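Asks: Before we start, here is the structure in question, set down as structure tokens.
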Amino acid sequence: MTALIPLLDSSSQKRPQILQLYQNLELFSEGTPPTNSLFVLGQGIDAAGRARKQLLIVDPPADAAERFRLEEDVATLYTGERPRAPLPQVELIAGGVAHLRVGDHFLDVYVQKAGVIVYLPAVGVVLSGDYGSDALPPRIVPGSDGGDELETLRLLARLIKHDNFQLCVPHVGSTVKEKPKVMERLAADVAYLHGLRRVVPGLLQRGEPLETIERIADSLLPADRQSEAAQAVHAANLSALTGIVEEETWNSPFV
């Protein structure tokens with residue numbers, strides 16, 4: 001199978017890993033923990049009847065235009081709020097399901113309030129976005145009380161239970177093939193969100209200061225989610241739930 005990711009500089013110090021999942025479907029991962037992007041290649045026909053290559057990149061690096069040789073028809077799709085590459089984006093309608101075809105690959109794109117989930121039913125690949133990571137807690141989007149995120153996790157659980165499931169790819173974190181391990185990650189996400197929803201509103205109603213809320217809420221962050229990047233997501237979640245924005249701004253490549 002021929003590699004499709006057109007790196008401009010293969011000697012980059014970032015040392016990405018490129019894994020060919022299927023013909024014309026490749027996973028691009030870099031960093032520790034890995035940040036994942038999916039490249040889907042197809043062939044299309046233009047108005048003049050000429051064959052043109054089509055490339056869809058799910059969650060591309062922000063510098064994708066500088067790092068890859070991108071020719072002809074290129075589009076991007078994001079599973080969450082991330083730094084955008086200066087490339088055309090697929091237009092999505094919130095609350096709906098988009099069905100895309102790129103070459104031989106079909107993608108079901110679930111546009112949730114709390115993020116986008118991408119499912120390739122023919123090959124059993126699920127892109128879980130900000131969920132199911134072994135490195136970061138799930139992100140609570142502004143304006144949500146965590147309920148939207150729990151609904152997205154229920155959707156993910158249904159997709160993972162399909163008989164043809166083969167691989168779960170979070171935006172940040174290691175990929176996983178085994179259904180029980182994926183379900184364990186989703187269960188950990190659910191427990192974390194339920195903990196925040198149970199504790200934070202009560203503390204706010206009692207008028208507890210932010211320092212007290214943070215100290216208690218920090219105990220809800222799983223032991224394996226204690227990195228600086230994980231703590232940055234957790235702090236953003238507390239801001240979303242409390243409406244209190246701290247003066248300090250977290251600067252993390254994963255947020």
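Simple scheme: letters A, B, ... for chains in structure tokens order, numbers from 1 for residues in each chain, numbers from 1 for ligands in the order shown.
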Would you list the contacts of Glu66 (chain A) as an mmCIF file with N, CA and C atoms, in the first residue's frame, taking every protein, DNA or RNA residue within 12 Å and counting only C-alpha atoms, but skipping same-chain residues closer than 2 positions in sequence?

Replies:
data_model
loop_
_atom_site.group_PDB
_atom_site.id
_atom_site.type_symbol
_atom_site.label_atom_id
_atom_site.label_comp_id
_atom_site.auth_asym_id
_atom_site.auth_seq_id
_atom_site.Cartn_x
_atom_site.Cartn_y
_atom_site.Cartn_z
ATOM 1 N N PRO A 6 1.759 13.465 2.588
ATOM 2 C CA PRO A 6 2.858 14.090 1.847
ATOM 3 C C PRO A 6 3.695 15.030 2.719
ATOM 4 N N LEU A 7 4.580 14.486 3.541
ATOM 5 C CA LEU A 7 5.433 15.309 4.390
ATOM 6 C C LEU A 7 6.410 16.106 3.537
ATOM 7 N N LEU A 8 6.527 17.398 3.826
ATOM 8 C CA LEU A 8 7.504 18.222 3.122
ATOM 9 C C LEU A 8 8.918 17.968 3.642
ATOM 10 N N ASP A 9 9.022 17.675 4.942
ATOM 11 C CA ASP A 9 10.333 17.462 5.548
ATOM 12 C C ASP A 9 10.262 16.237 6.438
ATOM 13 N N PRO A 60 -6.303 18.124 11.762
ATOM 14 C CA PRO A 60 -4.929 18.330 11.298
ATOM 15 C C PRO A 60 -4.147 19.206 12.264
ATOM 16 N N PRO A 61 -2.814 19.103 12.277
ATOM 17 C CA PRO A 61 -2.010 20.059 13.052
ATOM 18 C C PRO A 61 -2.267 21.474 12.552
ATOM 19 N N ALA A 62 -2.120 22.451 13.442
ATOM 20 C CA ALA A 62 -2.375 23.837 13.061
ATOM 21 C C ALA A 62 -1.442 24.297 11.943
ATOM 22 N N ASP A 63 -0.246 23.697 11.864
ATOM 23 C CA ASP A 63 0.720 24.084 10.826
ATOM 24 C C ASP A 63 0.699 23.126 9.644
ATOM 25 N N ALA A 64 -0.445 22.489 9.401
ATOM 26 C CA ALA A 64 -0.536 21.482 8.341
ATOM 27 C C ALA A 64 -0.163 22.053 6.976
ATOM 28 N N PHE A 68 2.865 19.843 5.143
ATOM 29 C CA PHE A 68 2.480 18.841 4.166
ATOM 30 C C PHE A 68 2.381 19.449 2.775
ATOM 31 N N ARG A 69 2.660 18.635 1.777
ATOM 32 C CA ARG A 69 2.488 19.055 0.389
ATOM 33 C C ARG A 69 1.044 18.749 0.008
ATOM 34 N N LEU A 70 0.190 19.756 0.116
ATOM 35 C CA LEU A 70 -1.237 19.563 -0.089
ATOM 36 C C LEU A 70 -1.646 20.103 -1.453
ATOM 37 N N ALA A 85 -6.040 25.046 11.056
ATOM 38 C CA ALA A 85 -5.094 25.222 9.961
ATOM 39 C C ALA A 85 -5.749 26.097 8.896
ATOM 40 N N PRO A 86 -4.971 26.901 8.173
ATOM 41 C CA PRO A 86 -5.546 27.762 7.130
ATOM 42 C C PRO A 86 -5.917 26.961 5.879
ATOM 43 N N LEU A 87 -6.882 26.059 6.044
ATOM 44 C CA LEU A 87 -7.325 25.181 4.968
ATOM 45 C C LEU A 87 -8.852 25.149 4.970
#

Asks: Write down as a compact mmCIF listing (two decimals) with all heavy atoms, in the first residue's frame the residues of region 58-211 of chain A whose backbone DSSP state falls under helix (DSSP H, G or I).

Replies:
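Output contents, as saved in result15.txt:
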# COMPACT_ATOMS: atom_id res chain seq x y z
N ALA A 64 -0.44 22.49 9.40
CA ALA A 64 -0.54 21.48 8.34
C ALA A 64 -0.16 22.05 6.98
O ALA A 64 0.47 21.38 6.16
CB ALA A 64 -1.95 20.90 8.29
N ALA A 65 -0.55 23.31 6.71
CA ALA A 65 -0.27 23.89 5.39
C ALA A 65 1.22 24.04 5.14
O ALA A 65 1.67 24.04 3.99
CB ALA A 65 -0.96 25.25 5.27
N GLU A 66 2.01 24.19 6.23
CA GLU A 66 3.45 24.34 6.09
C GLU A 66 4.19 23.01 6.12
O GLU A 66 5.28 22.88 5.58
CB GLU A 66 4.02 25.22 7.22
CG GLU A 66 3.62 26.69 7.14
CD GLU A 66 2.20 26.91 7.61
OE1 GLU A 66 1.80 26.28 8.62
OE2 GLU A 66 1.47 27.70 6.97
N ARG A 67 3.58 22.00 6.71
CA ARG A 67 4.28 20.73 6.92
C ARG A 67 4.00 19.69 5.84
O ARG A 67 4.77 18.75 5.67
CB ARG A 67 3.91 20.16 8.28
CG ARG A 67 4.33 21.05 9.43
CD ARG A 67 4.03 20.41 10.75
NE ARG A 67 4.75 19.16 10.90
CZ ARG A 67 4.53 18.30 11.89
NH1 ARG A 67 3.58 18.54 12.77
NH2 ARG A 67 5.22 17.20 11.98
N GLY A 147 -23.88 17.82 30.95
CA GLY A 147 -24.89 16.93 30.39
C GLY A 147 -24.69 16.64 28.92
O GLY A 147 -24.90 15.52 28.45
N ASP A 148 -24.28 17.65 28.16
CA ASP A 148 -24.03 17.45 26.73
C ASP A 148 -22.89 16.46 26.52
O ASP A 148 -22.92 15.63 25.61
CB ASP A 148 -23.69 18.78 26.06
CG ASP A 148 -24.85 19.76 26.08
OD1 ASP A 148 -26.01 19.30 26.05
OD2 ASP A 148 -24.60 20.98 26.13
N GLU A 149 -21.88 16.56 27.37
CA GLU A 149 -20.74 15.66 27.26
C GLU A 149 -21.14 14.22 27.58
O GLU A 149 -20.67 13.27 26.94
CB GLU A 149 -19.62 16.13 28.19
CG GLU A 149 -18.93 17.40 27.75
CD GLU A 149 -19.78 18.66 27.89
OE1 GLU A 149 -20.79 18.63 28.66
OE2 GLU A 149 -19.47 19.68 27.25
N LEU A 150 -22.00 14.05 28.58
CA LEU A 150 -22.47 12.71 28.92
C LEU A 150 -23.28 12.12 27.77
O LEU A 150 -23.19 10.91 27.49
CB LEU A 150 -23.31 12.76 30.19
CG LEU A 150 -22.52 13.03 31.48
CD1 LEU A 150 -23.47 13.32 32.63
CD2 LEU A 150 -21.61 11.86 31.82
N GLU A 151 -24.05 12.94 27.08
CA GLU A 151 -24.81 12.45 25.93
C GLU A 151 -23.86 12.00 24.82
O GLU A 151 -24.11 10.97 24.16
CB GLU A 151 -25.73 13.56 25.41
CG GLU A 151 -26.58 13.16 24.22
CD GLU A 151 -27.51 12.00 24.52
OE1 GLU A 151 -27.98 11.88 25.67
OE2 GLU A 151 -27.73 11.18 23.60
N THR A 152 -22.78 12.72 24.60
CA THR A 152 -21.80 12.32 23.59
C THR A 152 -21.13 11.01 23.98
O THR A 152 -20.86 10.17 23.13
CB THR A 152 -20.75 13.44 23.41
OG1 THR A 152 -21.40 14.64 23.00
CG2 THR A 152 -19.73 13.05 22.35
N LEU A 153 -20.86 10.83 25.26
CA LEU A 153 -20.27 9.57 25.72
C LEU A 153 -21.23 8.40 25.51
O LEU A 153 -20.80 7.29 25.18
CB LEU A 153 -19.88 9.69 27.19
CG LEU A 153 -18.59 10.47 27.44
CD1 LEU A 153 -18.48 10.91 28.89
CD2 LEU A 153 -17.37 9.63 27.06
N ARG A 154 -22.53 8.63 25.67
CA ARG A 154 -23.49 7.57 25.40
C ARG A 154 -23.48 7.19 23.92
O ARG A 154 -23.59 6.01 23.56
CB ARG A 154 -24.89 8.01 25.84
CG ARG A 154 -25.10 7.94 27.35
CD ARG A 154 -26.55 8.16 27.73
NE ARG A 154 -26.93 9.56 27.67
CZ ARG A 154 -26.83 10.41 28.70
NH1 ARG A 154 -26.37 9.99 29.86
NH2 ARG A 154 -27.20 11.67 28.58
N LEU A 155 -23.37 8.21 23.05
CA LEU A 155 -23.26 7.94 21.62
C LEU A 155 -22.02 7.10 21.33
O LEU A 155 -22.08 6.11 20.59
CB LEU A 155 -23.20 9.25 20.85
CG LEU A 155 -22.76 9.16 19.37
CD1 LEU A 155 -23.76 8.34 18.56
CD2 LEU A 155 -22.58 10.54 18.78
N LEU A 156 -20.90 7.48 21.91
CA LEU A 156 -19.66 6.73 21.68
C LEU A 156 -19.81 5.28 22.13
O LEU A 156 -19.35 4.36 21.44
CB LEU A 156 -18.51 7.40 22.44
CG LEU A 156 -17.76 8.49 21.70
CD1 LEU A 156 -16.81 9.21 22.66
CD2 LEU A 156 -16.98 7.91 20.53
N ALA A 157 -20.41 5.06 23.28
CA ALA A 157 -20.59 3.70 23.78
C ALA A 157 -21.39 2.87 22.78
O ALA A 157 -21.08 1.69 22.54
CB ALA A 157 -21.27 3.72 25.14
N ARG A 158 -22.42 3.46 22.18
CA ARG A 158 -23.23 2.73 21.20
C ARG A 158 -22.40 2.37 19.97
O ARG A 158 -22.52 1.26 19.43
CB ARG A 158 -24.45 3.56 20.78
CG ARG A 158 -25.47 3.75 21.89
CD ARG A 158 -26.80 4.25 21.34
NE ARG A 158 -26.69 5.56 20.73
CZ ARG A 158 -26.86 6.70 21.38
NH1 ARG A 158 -27.12 6.70 22.68
NH2 ARG A 158 -26.77 7.87 20.75
N LEU A 159 -21.56 3.28 19.53
CA LEU A 159 -20.72 3.01 18.35
C LEU A 159 -19.68 1.94 18.64
O LEU A 159 -19.41 1.07 17.81
CB LEU A 159 -20.03 4.30 17.89
CG LEU A 159 -20.95 5.42 17.38
CD1 LEU A 159 -20.13 6.66 17.04
CD2 LEU A 159 -21.76 4.96 16.17
N ILE A 160 -19.08 2.00 19.83
CA ILE A 160 -18.06 1.03 20.19
C ILE A 160 -18.64 -0.38 20.28
O ILE A 160 -17.97 -1.37 20.01
CB ILE A 160 -17.40 1.41 21.54
CG1 ILE A 160 -16.71 2.78 21.43
CG2 ILE A 160 -16.40 0.35 21.97
CD1 ILE A 160 -15.63 2.87 20.38
N LYS A 179 -12.42 -3.62 22.95
CA LYS A 179 -13.67 -3.00 23.41
C LYS A 179 -13.68 -2.77 24.92
O LYS A 179 -14.08 -1.69 25.38
CB LYS A 179 -14.87 -3.83 23.00
CG LYS A 179 -15.28 -3.69 21.55
CD LYS A 179 -16.60 -4.41 21.30
CE LYS A 179 -17.01 -4.30 19.84
NZ LYS A 179 -18.30 -4.98 19.59
N PRO A 180 -13.29 -3.77 25.74
CA PRO A 180 -13.34 -3.54 27.20
C PRO A 180 -12.48 -2.36 27.64
O PRO A 180 -12.88 -1.61 28.53
CB PRO A 180 -12.82 -4.86 27.78
CG PRO A 180 -13.13 -5.88 26.73
CD PRO A 180 -12.92 -5.17 25.43
N LYS A 181 -11.31 -2.19 27.02
CA LYS A 181 -10.44 -1.07 27.39
C LYS A 181 -11.06 0.27 27.00
O LYS A 181 -10.95 1.25 27.73
CB LYS A 181 -9.06 -1.24 26.75
CG LYS A 181 -8.23 -2.36 27.35
CD LYS A 181 -6.83 -2.38 26.78
CE LYS A 181 -5.99 -3.47 27.43
NZ LYS A 181 -4.61 -3.52 26.88
N VAL A 182 -11.70 0.30 25.81
CA VAL A 182 -12.36 1.54 25.40
C VAL A 182 -13.49 1.87 26.37
O VAL A 182 -13.64 3.02 26.80
CB VAL A 182 -12.92 1.42 23.97
CG1 VAL A 182 -13.55 2.75 23.55
CG2 VAL A 182 -11.83 1.04 22.99
N MET A 183 -14.28 0.86 26.72
CA MET A 183 -15.40 1.10 27.62
C MET A 183 -14.91 1.53 29.00
O MET A 183 -15.57 2.34 29.68
CB MET A 183 -16.26 -0.16 27.72
CG MET A 183 -16.90 -0.58 26.40
SD MET A 183 -17.88 0.73 25.59
CE MET A 183 -19.27 0.84 26.72
N GLU A 184 -13.75 1.04 29.43
CA GLU A 184 -13.17 1.49 30.70
C GLU A 184 -12.83 2.97 30.64
O GLU A 184 -13.06 3.72 31.60
CB GLU A 184 -11.92 0.67 31.02
CG GLU A 184 -12.18 -0.75 31.50
CD GLU A 184 -10.91 -1.51 31.77
OE1 GLU A 184 -9.80 -0.88 31.70
OE2 GLU A 184 -10.97 -2.71 32.05
N ARG A 185 -12.27 3.40 29.52
CA ARG A 185 -11.95 4.82 29.37
C ARG A 185 -13.21 5.68 29.38
O ARG A 185 -13.24 6.73 30.02
CB ARG A 185 -11.18 5.05 28.06
CG ARG A 185 -9.79 4.44 28.02
CD ARG A 185 -9.06 4.90 26.77
NE ARG A 185 -7.78 4.25 26.60
CZ ARG A 185 -6.92 4.53 25.63
NH1 ARG A 185 -7.22 5.48 24.75
NH2 ARG A 185 -5.77 3.90 25.53
N LEU A 186 -14.23 5.22 28.66
CA LEU A 186 -15.48 5.98 28.63
C LEU A 186 -16.12 6.02 30.02
O LEU A 186 -16.66 7.06 30.43
CB LEU A 186 -16.45 5.37 27.62
CG LEU A 186 -15.99 5.33 26.15
CD1 LEU A 186 -17.11 4.82 25.26
CD2 LEU A 186 -15.49 6.69 25.68
N ALA A 187 -16.03 4.91 30.75
CA ALA A 187 -16.58 4.88 32.11
C ALA A 187 -15.84 5.85 33.01
O ALA A 187 -16.45 6.50 33.88
CB ALA A 187 -16.51 3.46 32.66
N ALA A 188 -14.52 5.96 32.84
CA ALA A 188 -13.74 6.91 33.64
C ALA A 188 -14.15 8.35 33.31
O ALA A 188 -14.25 9.19 34.21
CB ALA A 188 -12.24 6.71 33.38
N ASP A 189 -14.42 8.62 32.03
CA ASP A 189 -14.90 9.95 31.63
C ASP A 189 -16.25 10.26 32.28
O ASP A 189 -16.48 11.37 32.78
CB ASP A 189 -15.04 10.03 30.10
CG ASP A 189 -13.70 10.15 29.39
OD1 ASP A 189 -12.67 10.29 30.07
OD2 ASP A 189 -13.70 10.10 28.15
N VAL A 190 -17.14 9.27 32.27
CA VAL A 190 -18.47 9.45 32.86
C VAL A 190 -18.35 9.72 34.36
O VAL A 190 -19.00 10.62 34.91
CB VAL A 190 -19.35 8.21 32.60
CG1 VAL A 190 -20.62 8.27 33.44
CG2 VAL A 190 -19.70 8.11 31.12
N ALA A 191 -17.50 8.94 35.05
CA ALA A 191 -17.33 9.11 36.49
C ALA A 191 -16.79 10.50 36.82
O ALA A 191 -17.24 11.15 37.78
CB ALA A 191 -16.40 8.03 37.04
N TYR A 192 -15.85 10.97 36.03
CA TYR A 192 -15.27 12.30 36.24
C TYR A 192 -16.33 13.38 36.08
O TYR A 192 -16.47 14.27 36.92
CB TYR A 192 -14.12 12.50 35.26
CG TYR A 192 -13.62 13.93 35.16
CD1 TYR A 192 -12.80 14.47 36.15
CD2 TYR A 192 -13.95 14.72 34.06
CE1 TYR A 192 -12.33 15.77 36.05
CE2 TYR A 192 -13.49 16.02 33.96
CZ TYR A 192 -12.67 16.54 34.96
OH TYR A 192 -12.22 17.84 34.85
N LEU A 193 -17.11 13.30 35.01
CA LEU A 193 -18.14 14.31 34.76
C LEU A 193 -19.23 14.27 35.84
O LEU A 193 -19.68 15.31 36.32
CB LEU A 193 -18.75 14.10 33.38
CG LEU A 193 -17.83 14.40 32.19
CD1 LEU A 193 -18.48 13.95 30.89
CD2 LEU A 193 -17.47 15.88 32.13
N HIS A 194 -19.65 13.06 36.22
CA HIS A 194 -20.66 12.95 37.27
C HIS A 194 -20.14 13.55 38.58
O HIS A 194 -20.89 14.20 39.32
CB HIS A 194 -21.05 11.48 37.48
CG HIS A 194 -22.13 11.01 36.56
ND1 HIS A 194 -23.28 11.72 36.32
CD2 HIS A 194 -22.23 9.87 35.81
CE1 HIS A 194 -24.06 11.06 35.47
NE2 HIS A 194 -23.43 9.93 35.14
N GLY A 195 -18.85 13.32 38.86
CA GLY A 195 -18.27 13.88 40.07
C GLY A 195 -18.31 15.39 40.07
O GLY A 195 -18.71 16.02 41.07
N LEU A 196 -17.93 16.00 38.98
CA LEU A 196 -17.97 17.46 38.88
C LEU A 196 -19.40 17.98 38.99
O LEU A 196 -19.67 18.96 39.69
CB LEU A 196 -17.36 17.92 37.56
CG LEU A 196 -15.84 17.79 37.40
CD1 LEU A 196 -15.41 18.27 36.02
CD2 LEU A 196 -15.10 18.56 38.48
N ARG A 197 -20.34 17.31 38.32
CA ARG A 197 -21.73 17.76 38.34
C ARG A 197 -22.35 17.60 39.73
O ARG A 197 -23.24 18.36 40.10
CB ARG A 197 -22.55 16.96 37.31
CG ARG A 197 -22.34 17.42 35.88
CD ARG A 197 -22.78 16.37 34.88
NE ARG A 197 -24.15 15.93 35.06
CZ ARG A 197 -25.22 16.50 34.51
NH1 ARG A 197 -25.06 17.59 33.76
NH2 ARG A 197 -26.42 16.02 34.70
N ARG A 198 -21.87 16.64 40.48
CA ARG A 198 -22.40 16.41 41.82
C ARG A 198 -21.83 17.39 42.84
O ARG A 198 -22.53 17.83 43.75
CB ARG A 198 -22.08 14.97 42.25
CG ARG A 198 -22.65 14.58 43.62
CD ARG A 198 -22.30 13.15 43.97
NE ARG A 198 -20.87 12.97 44.17
CZ ARG A 198 -20.07 12.34 43.35
NH1 ARG A 198 -20.54 11.82 42.23
NH2 ARG A 198 -18.77 12.22 43.61
N VAL A 199 -20.57 17.75 42.68
CA VAL A 199 -19.86 18.51 43.71
C VAL A 199 -19.89 20.03 43.47
O VAL A 199 -20.21 20.81 44.38
CB VAL A 199 -18.40 18.02 43.82
CG1 VAL A 199 -17.57 18.95 44.70
CG2 VAL A 199 -18.37 16.60 44.36
N VAL A 200 -19.56 20.46 42.25
CA VAL A 200 -19.33 21.89 42.01
C VAL A 200 -20.59 22.74 42.22
O VAL A 200 -20.53 23.78 42.90
CB VAL A 200 -18.75 22.10 40.60
CG1 VAL A 200 -18.68 23.59 40.26
CG2 VAL A 200 -17.36 21.47 40.51
N PRO A 201 -21.76 22.37 41.69
CA PRO A 201 -22.94 23.23 41.91
C PRO A 201 -23.27 23.43 43.38
O PRO A 201 -23.65 24.53 43.80
CB PRO A 201 -24.06 22.48 41.17
CG PRO A 201 -23.35 21.68 40.14
CD PRO A 201 -22.08 21.25 40.78
N GLY A 202 -23.14 22.37 44.19
CA GLY A 202 -23.42 22.50 45.61
C GLY A 202 -22.48 23.45 46.31
O GLY A 202 -22.90 24.25 47.17
N LEU A 203 -21.21 23.39 45.94
CA LEU A 203 -20.23 24.30 46.54
C LEU A 203 -20.53 25.74 46.15
O LEU A 203 -20.38 26.67 46.96
CB LEU A 203 -18.82 23.90 46.10
CG LEU A 203 -18.32 22.54 46.60
CD1 LEU A 203 -16.98 22.20 45.98
CD2 LEU A 203 -18.22 22.52 48.13
N LEU A 204 -20.95 25.94 44.91
CA LEU A 204 -21.30 27.29 44.47
C LEU A 204 -22.51 27.82 45.24
O LEU A 204 -22.52 28.99 45.66
CB LEU A 204 -21.60 27.28 42.97
CG LEU A 204 -20.41 27.26 42.01
CD1 LEU A 204 -20.89 27.06 40.58
CD2 LEU A 204 -19.60 28.55 42.12
N GLN A 205 -23.51 26.98 45.43
CA GLN A 205 -24.72 27.41 46.15
C GLN A 205 -24.41 27.78 47.59
O GLN A 205 -25.04 28.66 48.17
CB GLN A 205 -25.77 26.30 46.10
CG GLN A 205 -26.40 26.11 44.73
CD GLN A 205 -27.43 25.00 44.71
OE1 GLN A 205 -27.66 24.33 45.72
NE2 GLN A 205 -28.05 24.79 43.55
N LEU A 210 -13.51 30.21 45.39
CA LEU A 210 -12.98 29.44 44.27
C LEU A 210 -11.86 28.50 44.73
O LEU A 210 -11.75 27.37 44.25
CB LEU A 210 -12.46 30.38 43.18
CG LEU A 210 -11.86 29.70 41.93
CD1 LEU A 210 -12.89 28.80 41.26
CD2 LEU A 210 -11.34 30.75 40.97
N GLU A 211 -11.03 28.95 45.67
CA GLU A 211 -9.93 28.11 46.14
C GLU A 211 -10.43 26.82 46.75
O GLU A 211 -9.85 25.74 46.54
CB GLU A 211 -9.08 28.88 47.17
CG GLU A 211 -8.33 30.08 46.63
CD GLU A 211 -9.22 31.29 46.42
OE1 GLU A 211 -10.41 31.25 46.85
OE2 GLU A 211 -8.75 32.29 45.84

Asks: If we count only C-alpha atoms, what is near region 99-116 of chain A at a cut-off of 6 Å, once residues fewer than 5 positions away on the same chain are taken out, given as a list in words?

Replies: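 Once the adjacent positions are removed, what remains is Gly42, Gln43, Thr79, Gly80, Ala94, Val141, Asp148 and Glu149 of chain A.
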
Asks: When DSSP works through the backbone of this structure, what residues of region 116-240 of chain A end up as strand (DSSP E), shown as a list in words?

Replies: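 Strand (DSSP E) members of region 116-240 of chain A, listed: Val116, Ile117, Val118, Tyr119, Leu120, Val125, Val126, Leu127, Ser128, Gly129, Leu167, Cys168, Val169 and Pro170 of chain A.
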
Asks: Please determine, counting only C-alpha atoms, which residue among A:Pro33, A:Gly146, A:Gly124, A:Pro209 has the shortest atom-to-atom distance to His171 (chain A).

Replies: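 With only C-alpha atoms as the atom set, the closest residue is A:Pro33.
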
Asks: Using only C-alpha atoms for the distances, tell me which of A:Leu92, A:Leu77, A:Val40, A:Ala135 is nearest to Pro222 (chain A).

Replies: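 Among the listed residues, A:Ala135 lies closest to Pro222 (chain A).
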
Asks: Have a look at A:Thr76, A:Gly31, A:Ile244, A:Ile5 and name the one nearest to Leu19 (chain A); count only C-alpha atoms.

Replies: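 Closest to Leu19 (chain A) of all the choices is A:Ile5.
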
Asks: When you draw a straight line from CA of Gln166 (chain A) to CA of Val90 (chain A), how long is it in Å?

Replies: 25.2 Å

Asks: Give me the residues within 9 Å of Cys168 (chain A) as a PyMOL selection string, counting only C-alpha atoms and dropping any in the same chain fewer than 5 places off.

Replies: chain A and resi 124-128+132+160+174-179+182

Asks: Between A:Ser219, A:Gln89, A:Thr242, A:Thr35, which residue has the minimum interatomic distance to Ser133 (chain A), considering only C-alpha atoms?

Replies: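 Once distances to Ser133 (chain A) are computed over only C-alpha atoms, the minimum belongs to A:Thr35.
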
Asks: Would you mind listing, for every residue of region 81-182 of chain A within 10 Å of region 229-235 of chain A, the two atoms forming the shortest contact and the distance between them in Å to one decimal, using only C-alpha atoms, sorted by chain and ascending residue number, as JSON lines?

Replies:
{"residue": "A:Ala135", "atom": "CA", "partner": "A:Ala230", "partner_atom": "CA", "distance": 6.9}
{"residue": "A:Leu136", "atom": "CA", "partner": "A:Ala230", "partner_atom": "CA", "distance": 4.8}
{"residue": "A:Pro137", "atom": "CA", "partner": "A:Ala230", "partner_atom": "CA", "distance": 6.3}
{"residue": "A:Pro138", "atom": "CA", "partner": "A:Val233", "partner_atom": "CA", "distance": 7.8}
{"residue": "A:Arg139", "atom": "CA", "partner": "A:Val233", "partner_atom": "CA", "distance": 6.3}
{"residue": "A:Ile140", "atom": "CA", "partner": "A:Val233", "partner_atom": "CA", "distance": 8.5}

Asks: Print the selection's residues with N, CA and C atoms to a file, as a compact mmCIF listing (two decimals), in the first residue's frame.

Replies:
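Okay, out_3.txt is ready:
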# COMPACT_ATOMS: atom_id res chain seq x y z
N ALA A 135 -4.98 10.08 28.42
CA ALA A 135 -4.06 11.14 28.83
C ALA A 135 -4.78 12.37 29.39
N LEU A 136 -5.98 12.68 28.87
CA LEU A 136 -6.69 13.89 29.26
C LEU A 136 -8.11 13.56 29.71
N PRO A 137 -8.65 14.36 30.62
CA PRO A 137 -10.07 14.20 30.96
C PRO A 137 -10.93 14.78 29.85
N PRO A 138 -12.21 14.44 29.79
CA PRO A 138 -13.08 15.02 28.77
C PRO A 138 -13.25 16.52 29.01
N ARG A 139 -13.41 17.25 27.93
CA ARG A 139 -13.56 18.70 28.01
C ARG A 139 -15.04 19.06 28.11
N ILE A 140 -15.37 20.01 28.99
CA ILE A 140 -16.72 20.56 29.07
C ILE A 140 -16.75 21.85 28.27

Asks: Rounded to one decimal place, report the CA of Pro88 (chain A)-CA of Ala75 (chain A) distance in Å.

Replies: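 Result for CA of Pro88 (chain A) versus CA of Ala75 (chain A): 5.0 Å, one decimal.
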
Asks: May I ask for the distance between CA of Ser37 (chain A) and CA of Ala98 (chain A), given in Å to one decimal place?

Replies: 19.2 Å
